[in-house]
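Peer 1: Below is structure-v9.cif; it holds mmCIF, C-alpha atoms.
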```cif
data_target
loop_
_atom_site.label_atom_id
_atom_site.label_comp_id
_atom_site.auth_asym_id
_atom_site.auth_seq_id
_atom_site.Cartn_x
_atom_site.Cartn_y
_atom_site.Cartn_z
CA MET Z 6 -55.90 33.06 11.46
CA LYS Z 7 -56.75 30.50 8.82
CA LYS Z 8 -54.25 32.07 6.43
CA ARG Z 9 -51.56 31.86 9.06
CA THR Z 10 -52.22 28.16 9.63
CA VAL Z 11 -51.99 27.47 5.92
CA THR Z 12 -48.77 29.48 5.65
CA SER Z 13 -47.14 27.68 8.54
CA ALA Z 14 -48.32 24.33 7.18
CA ILE Z 15 -46.75 25.14 3.81
CA LEU Z 16 -43.56 26.32 5.49
CA GLY Z 17 -43.53 23.15 7.53
CA ILE Z 18 -43.91 20.93 4.51
CA VAL Z 19 -41.27 22.86 2.56
CA SER Z 20 -38.73 22.72 5.36
CA MET Z 21 -39.39 19.02 5.99
CA THR Z 22 -38.96 18.30 2.29
CA LEU Z 23 -35.71 20.27 2.24
CA PHE Z 24 -34.51 18.42 5.31
CA ALA Z 25 -35.40 15.05 3.83
CA PHE Z 26 -33.50 15.82 0.64
CA ALA Z 27 -30.53 17.46 2.35
CA PRO Z 28 -27.49 15.81 0.80
CA ALA Z 29 -26.33 13.13 3.23
CA LEU Z 30 -22.57 12.65 3.12
CA ASN Z 31 -21.74 9.71 0.92
CA LYS Z 32 -19.18 7.04 1.60
CA LEU Z 33 -15.67 8.47 1.40
CA THR Z 34 -12.96 6.67 -0.58
CA SER Z 35 -9.23 7.32 -0.52
CA ILE Z 36 -6.42 6.03 -2.70
CA LYS Z 37 -4.11 8.76 -1.39
CA THR Z 38 -2.68 6.98 1.62
CA HIS Z 39 0.59 6.47 3.45
CA ILE Z 40 1.42 3.74 5.93
CA LYS Z 41 4.79 3.61 7.63
CA PHE Z 42 6.35 0.83 9.67
CA PHE Z 43 9.05 1.88 12.07
CA SER Z 44 11.17 -0.44 14.16
CA THR Z 45 13.89 0.74 16.49
CA THR Z 46 16.49 -1.25 18.41
CA THR Z 47 19.94 -0.41 19.71
CA ALA Z 48 21.31 -2.09 16.58
CA GLU Z 49 19.43 -0.05 13.99
CA ASN Z 50 16.31 1.80 12.94
CA ILE Z 51 14.29 0.25 10.13
CA GLU Z 52 11.41 1.86 8.29
CA ALA Z 53 9.24 1.01 5.32
CA HIS Z 54 6.67 3.04 3.43
CA ASN Z 55 3.51 2.10 1.55
CA TYR Z 56 1.52 4.53 -0.62
CA LYS Z 57 -0.93 2.09 -2.25
CA SER Z 58 -3.54 1.29 0.37
CA VAL Z 59 -7.23 1.88 -0.27
CA SER Z 60 -9.50 3.17 2.47
CA THR Z 61 -13.18 3.95 2.94
CA ILE Z 62 -15.10 5.76 5.66
CA ASP Z 63 -18.85 5.67 6.00
CA PRO Z 64 -19.74 8.95 7.74
CA LYS Z 65 -23.20 7.59 8.61
CA THR Z 66 -22.02 4.53 10.50
CA GLY Z 67 -18.43 5.45 11.37
CA ASP Z 68 -17.10 2.35 9.64
CA VAL Z 69 -13.50 2.71 8.51
CA VAL Z 70 -11.63 0.17 6.38
CA PHE Z 71 -8.04 0.02 5.11
CA SER Z 72 -6.85 -2.57 2.61
CA VAL Z 73 -3.06 -2.69 2.46
CA PRO Z 74 -1.13 -4.36 -0.40
CA MET Z 75 1.77 -5.87 1.54
CA GLN Z 76 4.26 -6.00 -1.33
CA SER Z 77 4.04 -2.22 -1.69
CA PHE Z 78 6.16 -1.66 1.43
CA GLU Z 79 9.46 -0.17 0.28
CA PHE Z 80 12.60 -0.44 2.41
CA GLU Z 81 15.79 1.47 1.83
CA ASN Z 82 17.70 -1.80 1.92
CA ALA Z 83 16.80 -4.26 -0.85
CA LEU Z 84 17.88 -7.34 1.09
CA MET Z 85 15.75 -6.31 4.04
CA GLN Z 86 12.78 -5.94 1.68
CA LYS Z 87 13.34 -9.48 0.39
CA HIS Z 88 13.45 -10.80 3.96
CA TYR Z 89 10.29 -8.91 4.89
CA ASN Z 90 8.38 -10.41 1.92
CA SER Z 91 9.71 -13.96 2.33
CA PRO Z 92 7.73 -16.90 3.76
CA LYS Z 93 9.88 -16.70 6.91
CA PHE Z 94 8.50 -13.29 7.80
CA LEU Z 95 5.36 -11.66 6.33
CA ASP Z 96 4.89 -14.21 3.50
CA THR Z 97 3.37 -11.60 1.20
CA LYS Z 98 2.77 -14.01 -1.67
CA LYS Z 99 0.46 -16.08 0.52
CA PHE Z 100 -0.98 -13.03 2.35
CA PRO Z 101 -0.88 -10.21 -0.23
CA LYS Z 102 -3.12 -7.87 1.76
CA ALA Z 103 -3.51 -6.73 5.34
CA LYS Z 104 -6.82 -5.30 6.45
CA LEU Z 105 -8.08 -3.00 9.14
CA ILE Z 106 -11.83 -3.05 9.80
CA ALA Z 107 -12.89 -0.61 12.49
CA LYS Z 108 -15.39 1.94 13.70
CA PHE Z 109 -15.05 5.47 15.03
CA THR Z 110 -16.69 4.91 18.41
CA ASN Z 111 -17.32 8.59 19.17
CA LEU Z 112 -18.84 9.44 15.80
CA ASN Z 113 -21.26 11.92 17.43
CA GLU Z 114 -18.29 14.18 18.18
CA VAL Z 115 -17.23 14.38 14.52
CA ASN Z 116 -18.79 16.68 11.95
CA PHE Z 117 -17.49 15.71 8.50
CA GLU Z 118 -19.05 18.85 7.05
CA LYS Z 119 -17.54 21.39 9.43
CA ASP Z 120 -13.89 22.48 9.35
CA GLY Z 121 -11.99 21.34 12.38
CA THR Z 122 -9.77 18.75 14.02
CA TYR Z 123 -11.54 15.93 15.78
CA SER Z 124 -9.98 13.42 18.18
CA THR Z 125 -11.52 10.03 17.71
CA HIS Z 126 -11.39 6.54 19.08
CA VAL Z 127 -11.11 3.60 16.71
CA LYS Z 128 -12.07 0.07 17.62
CA GLY Z 129 -11.91 -2.95 15.39
CA THR Z 130 -9.69 -5.69 14.03
CA LEU Z 131 -6.43 -5.87 12.14
CA GLU Z 132 -5.71 -8.83 9.89
CA LEU Z 133 -2.03 -9.26 9.13
CA HIS Z 134 -0.09 -12.34 8.01
CA GLY Z 135 -3.34 -14.34 8.14
CA LYS Z 136 -3.89 -13.56 11.84
CA THR Z 137 -6.61 -11.27 13.17
CA ASN Z 138 -6.40 -9.32 16.43
CA SER Z 139 -8.61 -6.68 17.94
CA ILE Z 140 -7.25 -3.17 18.20
CA THR Z 141 -8.34 -0.01 20.00
CA GLU Z 142 -6.50 3.12 18.93
CA LYS Z 143 -6.80 6.86 18.67
CA ALA Z 144 -7.04 8.77 15.42
CA THR Z 145 -7.42 12.37 14.33
CA ILE Z 146 -9.85 13.49 11.66
CA THR Z 147 -9.15 16.88 10.07
CA VAL Z 148 -11.83 18.49 7.93
CA THR Z 149 -10.78 21.36 5.62
CA GLY Z 150 -13.52 22.20 3.14
CA THR Z 151 -14.13 19.08 1.08
CA THR Z 152 -10.84 17.47 2.15
CA ILE Z 153 -10.96 15.02 5.03
CA LYS Z 154 -7.73 13.66 6.49
CA VAL Z 155 -7.26 10.82 8.93
CA ASN Z 156 -4.06 10.36 10.92
CA SER Z 157 -3.20 7.69 13.42
CA LYS Z 158 -0.17 6.21 15.08
CA PHE Z 159 -0.17 2.96 17.01
CA LYS Z 160 2.01 0.04 17.97
CA ILE Z 161 1.65 -3.59 17.03
CA THR Z 162 3.40 -6.57 18.58
CA LEU Z 163 4.75 -8.78 15.80
CA ALA Z 164 4.37 -12.00 17.79
CA ASP Z 165 0.59 -11.38 17.97
CA TYR Z 166 0.57 -11.86 14.19
CA ASP Z 167 2.84 -14.90 14.21
CA VAL Z 168 5.72 -12.87 12.85
CA ALA Z 169 8.57 -14.16 14.96
CA PHE Z 170 12.29 -13.77 14.66
CA GLU Z 171 13.79 -16.48 16.77
CA LYS Z 172 17.41 -16.36 15.80
CA GLY Z 173 19.95 -14.66 13.61
CA LYS Z 174 20.38 -10.99 12.81
CA PRO Z 175 16.67 -10.11 12.47
CA SER Z 176 15.96 -11.23 16.07
CA THR Z 177 18.37 -8.63 17.40
CA ASN Z 178 17.82 -5.92 14.79
CA ILE Z 179 14.03 -5.87 14.55
CA ALA Z 180 11.99 -4.59 17.47
CA LYS Z 181 9.36 -6.90 18.97
CA THR Z 182 6.89 -4.04 18.74
CA VAL Z 183 6.76 -1.80 15.70
CA GLU Z 184 5.18 1.61 15.31
CA VAL Z 185 2.64 2.05 12.52
CA THR Z 186 1.78 5.52 11.21
CA VAL Z 187 -1.30 5.90 9.02
CA GLU Z 188 -2.46 8.87 6.97
CA ALA Z 189 -5.19 9.05 4.35
CA GLU Z 190 -6.91 11.83 2.42
CA TYR Z 191 -10.53 11.64 1.29
CA LYS Z 192 -12.63 14.06 -0.77
CA SER Z 193 -16.26 14.64 0.03
CA GLU Z 194 -18.40 15.59 -2.95
CA ASN Z 195 -20.65 18.03 -1.11
CA MET I 9 59.46 -30.96 -4.98
CA VAL I 10 59.51 -30.71 -1.26
CA MET I 11 57.00 -28.43 0.40
CA THR I 12 58.89 -26.31 2.79
CA LYS I 13 57.13 -24.95 5.85
CA LYS I 14 57.51 -21.47 4.45
CA ARG I 15 55.85 -22.47 1.19
CA ILE I 16 52.89 -24.10 2.97
CA LEU I 17 52.43 -21.01 5.07
CA LYS I 18 52.55 -18.78 1.99
CA ILE I 19 49.92 -20.83 0.11
CA SER I 20 47.69 -21.02 3.18
CA LEU I 21 47.85 -17.27 3.62
CA ILE I 22 46.93 -16.68 -0.02
CA VAL I 23 43.99 -19.11 0.20
CA ILE I 24 42.68 -17.67 3.48
CA GLY I 25 43.22 -14.13 2.24
CA SER I 26 41.27 -14.73 -1.00
CA ALA I 27 38.48 -16.52 0.87
CA LEU I 28 38.10 -13.60 3.26
CA LEU I 29 38.16 -11.11 0.40
CA ILE I 30 35.53 -13.02 -1.64
CA GLY I 31 33.35 -13.72 1.42
CA GLY I 32 33.59 -10.12 2.53
CA SER I 33 32.74 -8.81 -0.93
CA VAL I 34 29.72 -11.12 -1.22
CA ALA I 35 28.47 -10.11 2.23
CA TYR I 36 29.06 -6.44 1.40
CA TYR I 37 27.25 -6.81 -1.92
CA MET I 38 24.33 -8.71 -0.34
CA PHE I 39 23.88 -6.09 2.33
CA ASN I 40 24.11 -3.17 -0.06
CA MET I 41 22.35 -4.96 -2.89
CA PRO I 42 20.63 -2.36 -5.04
CA HIS I 43 16.86 -2.53 -5.62
CA ARG I 44 15.88 -4.19 -8.86
CA ASP I 45 15.69 -1.69 -11.73
CA VAL I 46 12.16 -2.46 -12.91
CA GLN I 47 12.37 -0.36 -16.08
CA LYS I 48 15.63 -2.00 -17.24
CA ALA I 49 14.48 -5.51 -16.37
CA LYS I 50 12.89 -7.86 -18.91
CA THR I 51 9.08 -7.69 -19.23
CA ASP I 52 7.47 -10.97 -18.11
CA TYR I 53 3.95 -10.41 -19.48
CA THR I 54 2.39 -7.99 -21.94
CA LEU I 55 -1.39 -7.65 -21.70
CA LYS I 56 -4.46 -5.40 -21.71
CA SER I 57 -5.82 -3.91 -18.48
CA SER I 58 -9.06 -5.88 -18.97
CA ASP I 59 -7.14 -9.14 -19.33
CA ILE I 60 -5.29 -8.94 -16.03
CA VAL I 61 -8.33 -7.58 -14.15
CA ASN I 62 -10.50 -10.44 -15.40
CA GLU I 63 -7.77 -12.99 -14.74
CA TYR I 64 -7.77 -11.87 -11.10
CA LEU I 65 -11.54 -11.66 -10.80
CA SER I 66 -12.00 -15.18 -12.16
CA ASN I 67 -9.34 -16.83 -9.98
CA ALA I 68 -7.25 -14.70 -7.62
CA ASP I 69 -5.26 -17.65 -6.22
CA LEU I 70 -4.10 -18.78 -9.65
CA ALA I 71 -3.25 -15.21 -10.64
CA ASN I 72 -1.26 -14.62 -7.42
CA GLU I 73 0.64 -17.83 -8.06
CA LYS I 74 1.47 -16.60 -11.57
CA TYR I 75 2.33 -12.96 -10.87
CA LEU I 76 3.58 -12.65 -7.28
CA ASP I 77 7.05 -13.61 -6.06
CA SER I 78 7.63 -14.87 -2.54
CA GLU I 79 10.46 -12.39 -1.95
CA GLY I 80 8.58 -9.47 -3.44
CA ASP I 81 10.33 -9.49 -6.84
CA SER I 82 6.98 -9.99 -8.54
CA LYS I 83 6.39 -10.07 -12.29
CA ILE I 84 7.18 -7.09 -14.48
CA ILE I 85 4.26 -6.40 -16.74
CA GLU I 86 3.35 -4.09 -19.61
CA VAL I 87 -0.31 -3.15 -19.48
CA THR I 88 -2.22 -1.34 -22.22
CA GLY I 89 -5.41 0.47 -21.33
CA THR I 90 -7.43 3.67 -21.33
CA ILE I 91 -6.63 6.34 -18.75
CA TYR I 92 -9.60 6.58 -16.38
CA GLU I 93 -8.12 8.78 -13.67
CA ILE I 94 -4.92 10.78 -13.02
CA SER I 95 -3.84 11.76 -9.50
CA GLU I 96 -0.83 12.13 -7.21
CA ASP I 97 0.16 10.31 -4.05
CA PHE I 98 1.55 11.81 -0.80
CA ILE I 99 5.11 11.99 -2.20
CA ASN I 100 3.92 13.59 -5.47
CA ASN I 101 4.29 10.51 -7.60
CA LYS I 102 1.81 10.33 -10.47
CA VAL I 103 -0.89 7.67 -10.31
CA LEU I 104 -2.68 6.60 -13.52
CA ILE I 105 -5.65 4.30 -13.39
CA LEU I 106 -6.09 2.30 -16.60
CA LYS I 107 -9.62 1.02 -16.86
CA SER I 108 -12.15 0.36 -19.58
CA VAL I 109 -15.68 1.56 -18.86
CA ALA I 110 -17.04 -1.99 -19.14
CA ASP I 111 -14.68 -3.38 -16.47
CA LYS I 112 -15.38 -3.65 -12.75
CA ALA I 113 -11.82 -2.74 -11.79
CA GLY I 114 -8.73 -1.24 -13.36
CA VAL I 115 -4.96 -1.13 -12.98
CA SER I 116 -3.53 1.54 -10.67
CA CYS I 117 -0.01 2.52 -11.80
CA THR I 118 2.26 4.62 -9.60
CA PHE I 119 5.19 6.35 -11.31
CA SER I 120 8.47 7.45 -9.71
CA THR I 121 10.62 10.56 -9.31
CA GLU I 122 12.48 9.54 -12.49
CA THR I 123 9.37 8.85 -14.58
CA ASN I 124 6.66 11.26 -13.33
CA SER I 125 7.41 13.83 -16.05
CA ASN I 126 6.62 11.26 -18.77
CA THR I 127 2.94 11.49 -17.83
CA SER I 128 2.74 15.27 -18.27
CA LYS I 129 1.09 15.16 -21.70
CA LEU I 130 -1.32 12.34 -20.86
CA LYS I 131 -5.00 12.98 -20.31
CA ILE I 132 -8.08 11.03 -19.35
CA GLY I 133 -9.28 8.87 -22.25
CA ASP I 134 -5.83 8.36 -23.82
CA GLU I 135 -4.72 4.84 -24.60
CA VAL I 136 -1.33 4.09 -23.12
CA THR I 137 1.04 1.22 -22.35
CA VAL I 138 2.66 1.24 -18.92
CA LYS I 139 5.48 -0.96 -17.65
CA GLY I 140 5.91 -1.67 -13.96
CA VAL I 141 6.02 -4.27 -11.19
CA ILE I 142 2.80 -5.84 -9.97
CA ARG I 143 2.16 -5.63 -6.20
CA SER I 144 -1.34 -7.05 -5.82
CA GLY I 145 -4.38 -8.08 -7.84
CA ALA I 146 -7.95 -6.93 -8.40
CA SER I 147 -10.80 -8.24 -6.26
CA PHE I 148 -14.15 -7.30 -4.83
CA ASP I 149 -13.67 -6.35 -1.21
CA SER I 150 -16.90 -6.69 0.74
CA ASP I 151 -15.56 -4.64 3.68
CA LEU I 152 -14.64 -1.70 1.45
CA GLY I 153 -17.82 -2.37 -0.53
CA MET I 154 -15.97 -1.88 -3.81
CA TYR I 155 -13.66 -3.46 -6.38
CA GLU I 156 -9.96 -2.97 -5.77
CA ASP I 157 -7.65 -2.30 -8.71
CA VAL I 158 -4.58 -4.27 -9.73
CA ILE I 159 -1.61 -2.41 -8.23
CA MET I 160 1.58 -1.59 -10.15
CA GLU I 161 4.52 0.53 -9.01
CA LYS I 162 7.81 1.93 -10.37
CA CYS I 163 5.96 2.55 -13.62
CA ASP I 164 6.89 4.31 -16.83
CA VAL I 165 5.12 4.92 -20.12
CA VAL I 166 6.15 2.50 -22.88
CA SER I 167 4.20 3.95 -25.79
CA ASN I 168 1.52 6.48 -26.28
CA LYS I 169 -0.67 6.18 -29.34
#
```
I need this file expressed as structure tokens, please.
Peer 2:
Amino acid sequence: MKKRTVTSAILGIVSMTLFAFAPALNKLTSIKTHIKFFSTTTAENIEAHNYKSVSTIDPKTGDVVFSVPMQSFEFENALMQKHYNSPKFLDTKKFPKAKLIAKFTNLNEVNFEKDGTYSTHVKGTLELHGKTNSITEKATITVTGTTIKVNSKFKITLADYDVAFEKGKPSTNIAKTVEVTVEAEYKSEN
Amino acid sequence: MVMTKKRILKISLIVIGSALLIGGSVAYYMFNMPHRDVQKAKTDYTLKSSDIVNEYLSNADLANEKYLDSEGDSKIIEVTGTIYEISEDFINNKVLILKSVADKAGVSCTFSTETNSNTSKLKIGDEVTVKGVIRSGASFDSDLGMYEDVIMEKCDVVSNK
């Protein structure tokens, strides 16, 4: 009886120690990212791609951050790219980065250490062109071994960020609301 | 010499015709203007990775004023540094991070379809000079909780010691 108590006590201590030292998932960092802007009007479709954003996810808190270098958006048309960067539109010299600061609100439904596809809700703020607005969007987290991918697609209204096209060609050729597609790949070390 | 009606008409037509042709060509050129060829363009600044990182960390506003262009045609720089990391982006372009161990941030250089193969013999620890266009500077980002690198794109290797 006494022996059994001692054994179970030892087992208890060992398992608690193991549990305490179980490797908690560290903060995930990604420099492999892709953000796409897509605008569609009857006049034309315009898209731009950016592969230089940096993102982090804290699996413990659900915090997700994207820092987007605005001058890295590439358009097919060089003149359009100049317009996009200029002080009249996104003013990328004055506002070189856009930033998304958000949280996965249903973190309890995501297991970063188990393969699968998880539908998540993201709530936070987006700072663009010096203006900050709150956003609530959906995202998908895909876990495959040590690779974690995040995908999301949402719409932003340019006027909310003081990006307005009042007259001229851009006002008819650029949609008032543009679609933003986000993808990022993170590696967990465990 | 007396200007006949016919003569006036002829001259007017030539003038209007040339104006339309020139205007049309300029508009056509503007609309189809090619992207700047970064590798063929003149280098604006030649420096070490530590220099530009520290320039940004000490005063980002001054550095942005110096390196960034308001229409996105920012400065073309040649940066020499030690390769800290080699990876690929989503469209399989090579990404070299030049960073010295003592520095808080580095320079992240993305190559292009035309230049990716020039990185094939490079390995971590090599010293290399890379030419490209700067897109943004280095800074500590408290939301990310980390230092962000200087960003360069359309890069190619200039020399490899």
Peer 1: Which of these, I:Asp149, I:Asp164, I:Asp134, I:Glu79, has the shortest distance to chain Z once you count all atoms listed in the file?
Peer 2: I:Glu79
Peer 1: Taking all atoms listed in the file into account, which residues of chain Z are within 9 Å of chain I, as number ranges by chain?
Peer 2: Z: 34, 36-39, 56-57, 59-62, 69-72, 74-77, 81-92, 96-99, 101-102, 106, 189
Peer 1: Determine, counting only C-alpha atoms, every residue of protein, DNA or RNA that lies within 10 Å of (-14.7, 6.9, 18.3) in the file coordinates, then give the result as a list in words.
Peer 2: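 Returned residue set, sorted by chain then number, is Gly67, Ala107, Lys108, Phe109, Thr110, Asn111, Leu112, Asn113, Glu114, Val115, Tyr123, Ser124, Thr125, His126, Val127, Lys128, Thr141, Glu142, Lys143, Ala144 and Thr145 of chain Z.
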Peer 1: Could you state the separation of CA of Tyr36 (chain I) and CA of Glu49 (chain Z) in Å, given to one decimal place?
Peer 2: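 We find that CA of Tyr36 (chain I) and CA of Glu49 (chain Z) lie 17.1 Å from each other.
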Peer 1: With all atoms listed in the file as the basis for distance, which of Z:Ser35, Z:Ser58, Z:Ser13, Z:Ala164 is at the shortest distance from Ser176 (chain Z)?
Peer 2: Z:Ala164
Peer 1: Just the residues within 12 Å of Asn67 (chain I), please, counting only C-alpha atoms, with nothing from its chain fewer than 6 positions along; format it as a list in words.
Peer 2: Ile60, Val61, Glu73, Lys74, Gly145, Ala146, Ser147 and Phe148 of chain I
Peer 1: Can you work out which one of Z:Leu131, Z:Ile161, Z:Ala48, Z:Ala103 has the shortest atom-to-atom distance to Ile179 (chain Z), counting all atoms listed in the file?
Peer 2: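 Once distances to Ile179 (chain Z) are computed over all atoms listed in the file, the minimum belongs to Z:Ala48.
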Peer 1: Restricting the calculation to all atoms listed in the file, which member of I:Leu104, I:Val115, I:Cys163, I:Ile84 is positioned closest to Tyr53 (chain I)?
Peer 2: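 Result for the nearest residue to Tyr53 (chain I): I:Ile84.
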Peer 1: Which residue, Z:Thr46, Z:Thr10, Z:Thr137, Z:Thr66, has the smallest gap to Leu30 (chain Z) when you use only C-alpha atoms?
Peer 2: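 Of all the options, Z:Thr66 lies closest to Leu30 (chain Z).
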Peer 1: Find the distance between CA of Phe119 (chain I) and CA of Val87 (chain I) and write it in Å to one decimal.
Peer 2: 13.7 Å
